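Here's the structure, in structure tokens; my notes come after.
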Amino acid sequence: MQFTGRGVLVDVEGTTSAVAYVYDVMFPFARRGIEAYVTAHWADESFAAVREQFAADAGHELASPAELVAEAERLMDGDVKATGLKQLQGLVWEAGFRSGELQAHVFADVPPALAAWREAGVDVRVYSSGSIHAQRLFFGHTEAGDLSPSFSGHYDTTTGPKREAPSYTAIAADWSLAPSEILFLSDVTEELEAARAAGMQTALVNRPGNAEPTTVDPPHTAIESFAEIDLETVGEPST
Ligand SMILES: CSCCC(=O)C(=O)COP(=O)(O)O
Ligand SMILES: [Mg+2]
């Protein structure tokens, strides 16, 4: 599959990494640790931002640790990718990644592709519902080692929802690239549609264990491995 561009934007769950790792390992780890974390850190100055984000997401104040934990559990039950929940999950995962209990899964083709793209001068960034803090921990502690130097930028839902085109416009603007110079890789058709509406190139990543993608016309180019991507870089940044 040949693409011409200067940047590659990657989704995480179902794209660089198995859905099962996120759902069967990371989410249960967060669920087990959230109550203790919130209770221990409720009064910390640094936790105020998470409390504010939960309140903004819920549309009302969560006045006690128990209320916030109940809201987090409600969001986790529905797999709601709310910004506050994602920030809290990242904080809980931190201890697991630092102790070695969590080691992020990445598909075998990912590390060599990242290295090859960087070698070719391609700028690679991440856009995930997982918080930027969680993304850094995740790629800093993978089964293939520390992949964090492969990425020169991270975006999460503080930039905008992944299924809305203005999020991709904002990412391209922050990146100082034209959207057409960016290839977005994801397992979720709705995310690819939003990126395509913003002018990005797209490819649908079909990994083992992914849900059946929604069909659209015209379909997105589909790949099973990053090794299928032949990326040609041209010219100087356009913006
Ligand atoms: C960055 S690791 C945590 C991933 C996560 O919490 C999640 O919800 C996955 O969402 P994605 O946008 O990467 O599909
Ligand atoms: Mg995904």
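Every chain in the structure tokens has a letter given in the order shown (A, B, ...), and although residue numbers restart at 1 in each chain, ligands are simply numbered from 1 in the order shown.
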Skipping near chain neighbours, those fewer than 2 positions away, what residues fall within 12 Å of Ala172 of chain A using only C-alpha atoms, listed as a compact mmCIF listing (two decimals) with N, CA and C atoms, in the first residue's frame?
# COMPACT_ATOMS: atom_id res chain seq x y z
N ARG A 6 3.94 13.11 5.21
CA ARG A 6 5.02 13.48 6.12
C ARG A 6 4.77 12.99 7.54
N GLY A 7 3.53 12.60 7.83
CA GLY A 7 3.22 12.20 9.19
C GLY A 7 2.30 10.98 9.22
N VAL A 8 2.48 10.16 10.25
CA VAL A 8 1.58 9.03 10.48
C VAL A 8 1.00 9.20 11.88
N LEU A 9 -0.33 9.14 11.96
CA LEU A 9 -1.04 9.27 13.23
C LEU A 9 -1.63 7.90 13.54
N ASP A 123 7.25 11.77 10.65
CA ASP A 123 6.91 12.16 12.02
C ASP A 123 5.71 11.30 12.46
N ARG A 125 2.91 10.17 15.36
CA ARG A 125 2.23 10.63 16.58
C ARG A 125 1.07 9.68 16.93
N TYR A 127 -2.89 9.19 18.56
CA TYR A 127 -4.18 9.77 18.95
C TYR A 127 -5.02 8.65 19.53
N GLY A 153 4.74 13.18 19.19
CA GLY A 153 3.57 13.90 19.71
C GLY A 153 2.48 12.95 20.13
N TYR A 155 -1.88 12.91 21.24
CA TYR A 155 -3.17 13.60 21.34
C TYR A 155 -4.18 12.68 22.02
N THR A 159 -8.13 17.12 22.93
CA THR A 159 -8.15 17.80 21.61
C THR A 159 -9.54 17.71 20.99
N ALA A 165 -14.67 15.31 12.97
CA ALA A 165 -13.66 15.84 12.05
C ALA A 165 -12.85 17.01 12.62
N PRO A 166 -13.45 17.95 13.38
CA PRO A 166 -12.64 19.07 13.88
C PRO A 166 -11.46 18.64 14.75
N SER A 167 -11.55 17.45 15.38
CA SER A 167 -10.43 16.95 16.18
C SER A 167 -9.20 16.74 15.29
N TYR A 168 -9.45 16.21 14.09
CA TYR A 168 -8.35 15.92 13.17
C TYR A 168 -7.81 17.20 12.54
N THR A 169 -8.70 18.16 12.32
CA THR A 169 -8.26 19.47 11.82
C THR A 169 -7.35 20.12 12.87
N ALA A 170 -7.75 20.00 14.14
CA ALA A 170 -6.95 20.60 15.23
C ALA A 170 -5.60 19.90 15.36
N ASP A 174 -1.97 21.72 14.92
CA ASP A 174 -0.95 21.66 15.98
C ASP A 174 0.36 21.10 15.43
N TRP A 175 0.23 20.19 14.48
CA TRP A 175 1.37 19.47 13.89
C TRP A 175 2.08 20.34 12.85
N SER A 176 1.42 21.42 12.41
CA SER A 176 1.92 22.26 11.31
C SER A 176 2.10 21.47 10.02
N LEU A 177 1.14 20.56 9.78
CA LEU A 177 1.09 19.84 8.51
C LEU A 177 -0.30 20.04 7.90
N ALA A 178 -0.37 19.95 6.58
CA ALA A 178 -1.69 19.90 5.95
C ALA A 178 -2.30 18.55 6.28
N PRO A 179 -3.63 18.47 6.51
CA PRO A 179 -4.23 17.16 6.79
C PRO A 179 -3.88 16.11 5.74
N SER A 180 -3.78 16.53 4.48
CA SER A 180 -3.50 15.57 3.39
C SER A 180 -2.11 14.96 3.49
N GLU A 181 -1.24 15.55 4.32
CA GLU A 181 0.11 15.00 4.49
C GLU A 181 0.18 13.96 5.61
N ILE A 182 -0.97 13.71 6.24
CA ILE A 182 -1.01 12.80 7.39
C ILE A 182 -1.80 11.55 7.04
N LEU A 183 -1.25 10.39 7.39
CA LEU A 183 -1.95 9.12 7.25
C LEU A 183 -2.43 8.70 8.63
N PHE A 184 -3.75 8.51 8.78
CA PHE A 184 -4.30 8.07 10.07
C PHE A 184 -4.63 6.59 10.00
N ALA A 195 -11.51 11.53 10.15
CA ALA A 195 -10.21 11.96 9.66
C ALA A 195 -10.26 12.25 8.16
N ALA A 198 -11.76 15.50 7.43
CA ALA A 198 -10.82 16.59 7.71
C ALA A 198 -9.72 16.66 6.66
N GLY A 199 -9.68 15.69 5.75
CA GLY A 199 -8.71 15.73 4.65
C GLY A 199 -7.51 14.82 4.82
N MET A 200 -7.49 13.99 5.87
CA MET A 200 -6.36 13.07 6.06
C MET A 200 -6.48 11.85 5.16
N GLN A 201 -5.35 11.22 4.88
CA GLN A 201 -5.35 9.89 4.28
C GLN A 201 -5.67 8.90 5.40
N PRO A 237 7.37 20.65 4.81
CA PRO A 237 6.05 20.84 5.41
C PRO A 237 5.31 21.99 4.73
N SER A 238 4.00 21.80 4.50
CA SER A 238 3.26 22.78 3.71
C SER A 238 2.67 23.91 4.52
N THR A 239 2.65 23.81 5.85
CA THR A 239 2.06 24.90 6.62
C THR A 239 3.03 25.35 7.70
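Residues of protein, DNA or RNA having any atom at most 8 Å from ligand 1, counting only C-alpha atoms and all ligand atoms, are A:Asp11, A:Val12, A:Glu13, A:Gly14, A:Thr15, A:Val22, A:Met26, A:Phe27, A:Asp79, A:Lys81, A:Lys86, A:Gln89, A:Gly90, A:Tyr127, A:Ser128, A:Ser129, A:Gly130, A:Ser131, A:Ile132, A:Ala134, A:Gln135, A:Arg136, A:Leu137, A:Phe138, A:Asp156, A:Lys162, A:Ser186, A:Asp187, A:Val188.
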Residue subset to file, keeping C-alpha atoms, as an mmCIF file, in the first residue's frame:
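Output contents, as saved in part.cif:
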data_model
loop_
_atom_site.group_PDB
_atom_site.id
_atom_site.type_symbol
_atom_site.label_atom_id
_atom_site.label_comp_id
_atom_site.auth_asym_id
_atom_site.auth_seq_id
_atom_site.Cartn_x
_atom_site.Cartn_y
_atom_site.Cartn_z
ATOM 1 C CA ASP A 11 -4.629 4.829 17.170
ATOM 2 C CA VAL A 12 -3.669 2.379 19.956
ATOM 3 C CA GLU A 13 -6.335 -0.209 20.875
ATOM 4 C CA GLY A 14 -6.991 -2.442 17.860
ATOM 5 C CA THR A 15 -4.277 -0.720 15.801
ATOM 6 C CA VAL A 22 -6.695 -3.248 26.849
ATOM 7 C CA MET A 26 -5.591 -2.837 31.545
ATOM 8 C CA PHE A 27 -9.263 -2.112 32.226
ATOM 9 C CA ASP A 79 -17.028 1.735 28.127
ATOM 10 C CA LYS A 81 -14.382 7.181 26.733
ATOM 11 C CA LYS A 86 -9.310 8.229 30.970
ATOM 12 C CA GLN A 89 -7.259 5.277 34.550
ATOM 13 C CA GLY A 90 -3.862 6.607 33.425
ATOM 14 C CA TYR A 127 -4.178 9.774 18.951
ATOM 15 C CA SER A 128 -5.997 7.671 21.514
ATOM 16 C CA SER A 129 -8.907 7.941 23.915
ATOM 17 C CA GLY A 130 -6.353 6.936 26.535
ATOM 18 C CA SER A 131 -4.871 10.027 28.200
ATOM 19 C CA ILE A 132 -1.540 11.393 27.001
ATOM 20 C CA ALA A 134 -1.366 6.779 29.756
ATOM 21 C CA GLN A 135 -0.034 6.761 26.175
ATOM 22 C CA ARG A 136 3.455 7.722 27.379
ATOM 23 C CA LEU A 137 3.408 4.994 30.053
ATOM 24 C CA PHE A 138 2.044 2.464 27.558
ATOM 25 C CA ASP A 156 -6.101 12.510 23.460
ATOM 26 C CA LYS A 162 -12.112 10.748 17.961
ATOM 27 C CA SER A 186 -7.302 3.047 13.090
ATOM 28 C CA ASP A 187 -9.537 0.022 13.556
ATOM 29 C CA VAL A 188 -12.693 2.145 13.887
#
Quick one: residues within 8 Å of segment 51-56 of chain A, only C-alpha atoms, excluding same-chain residues fewer than 4 positions away - as a PyMOL selection string? chain A and resi 47+60-62+68+83-85
Write out as an MDAnalysis selection string all residues of segment 68-218 of chain A that DSSP puts in helix (DSSP H, G or I) for this structure's backbone. chainID A and resid 68:77 83:99 110:119 132:140 148:150 165:175 179:181 189:197
Taking the DSSP assignment computed from this structure's backbone, write out as a PyMOL selection string all residues of chain A that belong to strand (DSSP E or B). chain A and resi 2-4+7-10+13+17+104+123-127+142+145+153-155+182-186+201-205+221-223+230-232
Writer output for current selection, N, CA and C atoms, as a compact mmCIF listing (two decimals), in the first residue's frame:
# COMPACT_ATOMS: atom_id res chain seq x y z
N GLN A 2 0.78 2.06 -1.00
CA GLN A 2 1.66 3.22 -1.07
C GLN A 2 0.95 4.49 -0.60
N PHE A 3 1.62 5.22 0.27
CA PHE A 3 1.11 6.51 0.75
C PHE A 3 2.20 7.54 0.58
N THR A 4 1.78 8.75 0.34
CA THR A 4 2.72 9.86 0.25
C THR A 4 2.38 10.83 1.36
N GLY A 7 3.53 12.60 7.83
CA GLY A 7 3.22 12.20 9.19
C GLY A 7 2.30 10.98 9.22
N VAL A 8 2.48 10.16 10.25
CA VAL A 8 1.58 9.03 10.48
C VAL A 8 1.00 9.20 11.88
N LEU A 9 -0.33 9.14 11.96
CA LEU A 9 -1.04 9.27 13.23
C LEU A 9 -1.63 7.90 13.54
N VAL A 10 -1.29 7.34 14.70
CA VAL A 10 -1.76 5.99 15.01
C VAL A 10 -2.71 5.98 16.20
N GLU A 13 -5.58 1.04 20.69
CA GLU A 13 -6.34 -0.21 20.87
C GLU A 13 -6.89 -0.69 19.53
N SER A 17 -1.99 -2.26 19.00
CA SER A 17 -2.04 -3.20 20.12
C SER A 17 -3.38 -3.92 20.17
N ALA A 104 2.90 -3.33 28.07
CA ALA A 104 1.95 -3.14 26.98
C ALA A 104 2.20 -4.08 25.81
N ASP A 123 7.25 11.77 10.65
CA ASP A 123 6.91 12.16 12.02
C ASP A 123 5.71 11.30 12.46
N VAL A 124 5.87 10.55 13.54
CA VAL A 124 4.82 9.63 13.97
C VAL A 124 4.23 10.11 15.30
N ARG A 125 2.91 10.17 15.36
CA ARG A 125 2.23 10.63 16.58
C ARG A 125 1.07 9.68 16.93
N VAL A 126 0.59 9.81 18.15
CA VAL A 126 -0.47 8.93 18.66
C VAL A 126 -1.72 9.76 18.91
N TYR A 127 -2.89 9.19 18.56
CA TYR A 127 -4.18 9.77 18.95
C TYR A 127 -5.02 8.65 19.53
N THR A 142 6.59 -1.39 26.84
CA THR A 142 5.95 -2.42 26.01
C THR A 142 6.75 -3.72 26.08
N GLY A 145 9.97 -3.33 24.59
CA GLY A 145 10.85 -2.31 25.17
C GLY A 145 10.24 -0.92 25.13
N GLY A 153 4.74 13.18 19.19
CA GLY A 153 3.57 13.90 19.71
C GLY A 153 2.48 12.95 20.13
N HIS A 154 1.62 13.42 21.02
CA HIS A 154 0.50 12.63 21.54
C HIS A 154 -0.75 13.50 21.59
N TYR A 155 -1.88 12.91 21.24
CA TYR A 155 -3.17 13.60 21.34
C TYR A 155 -4.18 12.68 22.02
N ILE A 182 -0.97 13.71 6.24
CA ILE A 182 -1.01 12.80 7.39
C ILE A 182 -1.80 11.55 7.04
N LEU A 183 -1.25 10.39 7.39
CA LEU A 183 -1.95 9.12 7.25
C LEU A 183 -2.43 8.70 8.63
N PHE A 184 -3.75 8.51 8.78
CA PHE A 184 -4.30 8.07 10.07
C PHE A 184 -4.63 6.59 10.00
N LEU A 185 -4.17 5.84 10.99
CA LEU A 185 -4.39 4.39 11.05
C LEU A 185 -5.27 4.07 12.24
N SER A 186 -6.39 3.41 12.00
CA SER A 186 -7.30 3.05 13.09
C SER A 186 -8.11 1.82 12.72
N GLN A 201 -5.35 11.22 4.88
CA GLN A 201 -5.35 9.89 4.28
C GLN A 201 -5.67 8.90 5.40
N THR A 202 -6.26 7.77 5.04
CA THR A 202 -6.68 6.83 6.08
C THR A 202 -6.40 5.39 5.66
N ALA A 203 -6.21 4.53 6.65
CA ALA A 203 -6.19 3.09 6.41
C ALA A 203 -6.85 2.39 7.59
N LEU A 204 -7.69 1.42 7.25
CA LEU A 204 -8.38 0.62 8.27
C LEU A 204 -7.47 -0.54 8.67
N VAL A 205 -7.20 -0.66 9.96
CA VAL A 205 -6.29 -1.70 10.44
C VAL A 205 -7.12 -2.87 10.97
N THR A 221 -8.87 2.03 2.63
CA THR A 221 -7.85 1.02 2.35
C THR A 221 -7.65 0.19 3.61
N ALA A 222 -7.64 -1.13 3.46
CA ALA A 222 -7.53 -1.99 4.64
C ALA A 222 -6.17 -2.69 4.67
N ILE A 223 -5.59 -2.74 5.86
CA ILE A 223 -4.31 -3.45 6.04
C ILE A 223 -4.41 -4.36 7.27
N ASP A 230 3.85 1.34 2.54
CA ASP A 230 5.04 1.85 1.88
C ASP A 230 4.86 3.37 1.84
N LEU A 231 5.59 4.05 2.71
CA LEU A 231 5.35 5.48 2.88
C LEU A 231 6.44 6.29 2.21
N GLU A 232 6.03 7.09 1.24
CA GLU A 232 6.98 7.95 0.54
C GLU A 232 6.84 9.37 1.06
Tell me which protein, DNA and RNA residues are within 8 Å of segment 28-30 of chain A, counting only C-alpha atoms, leaving out same-chain ones fewer than 5 positions away, and put them as a PDB file with N, CA and C atoms, in the first residue's frame.
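New file part12.pdb:
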ATOM      1  N   TYR A  23      -8.732  -4.578  27.119  1.00  0.00           N
ATOM      2  CA  TYR A  23      -9.980  -4.961  27.814  1.00  0.00           C
ATOM      3  C   TYR A  23      -9.760  -6.001  28.914  1.00  0.00           C
ATOM      4  N   GLN A  89      -7.817   6.592  34.878  1.00  0.00           N
ATOM      5  CA  GLN A  89      -7.259   5.277  34.550  1.00  0.00           C
ATOM      6  C   GLN A  89      -5.743   5.371  34.343  1.00  0.00           C
ATOM      7  N   VAL A  92      -3.959   5.413  37.608  1.00  0.00           N
ATOM      8  CA  VAL A  92      -3.956   4.098  38.269  1.00  0.00           C
ATOM      9  C   VAL A  92      -2.976   3.148  37.567  1.00  0.00           C
ATOM     10  N   TRP A  93      -2.922   3.227  36.235  1.00  0.00           N
ATOM     11  CA  TRP A  93      -2.011   2.345  35.489  1.00  0.00           C
ATOM     12  C   TRP A  93      -0.539   2.664  35.788  1.00  0.00           C
TER      13      TRP A  93
END
Computed interatomic separation between atom 1 (Mg, counted along the ligand's line) of ligand 2 and atom CA of Val19 of chain A (Å): 7.7 Å
From the list A:Thr215, A:His133, A:Glu191, A:Val122, which residue is nearest ligand 2 when using only C-alpha atoms and all ligand atoms? A:Glu191
One-decimal distance in Å that lies between atom CA of Thr16 of chain A and atom CA of Val110 of chain A: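 Interatomic distance here is 6.3 Å.
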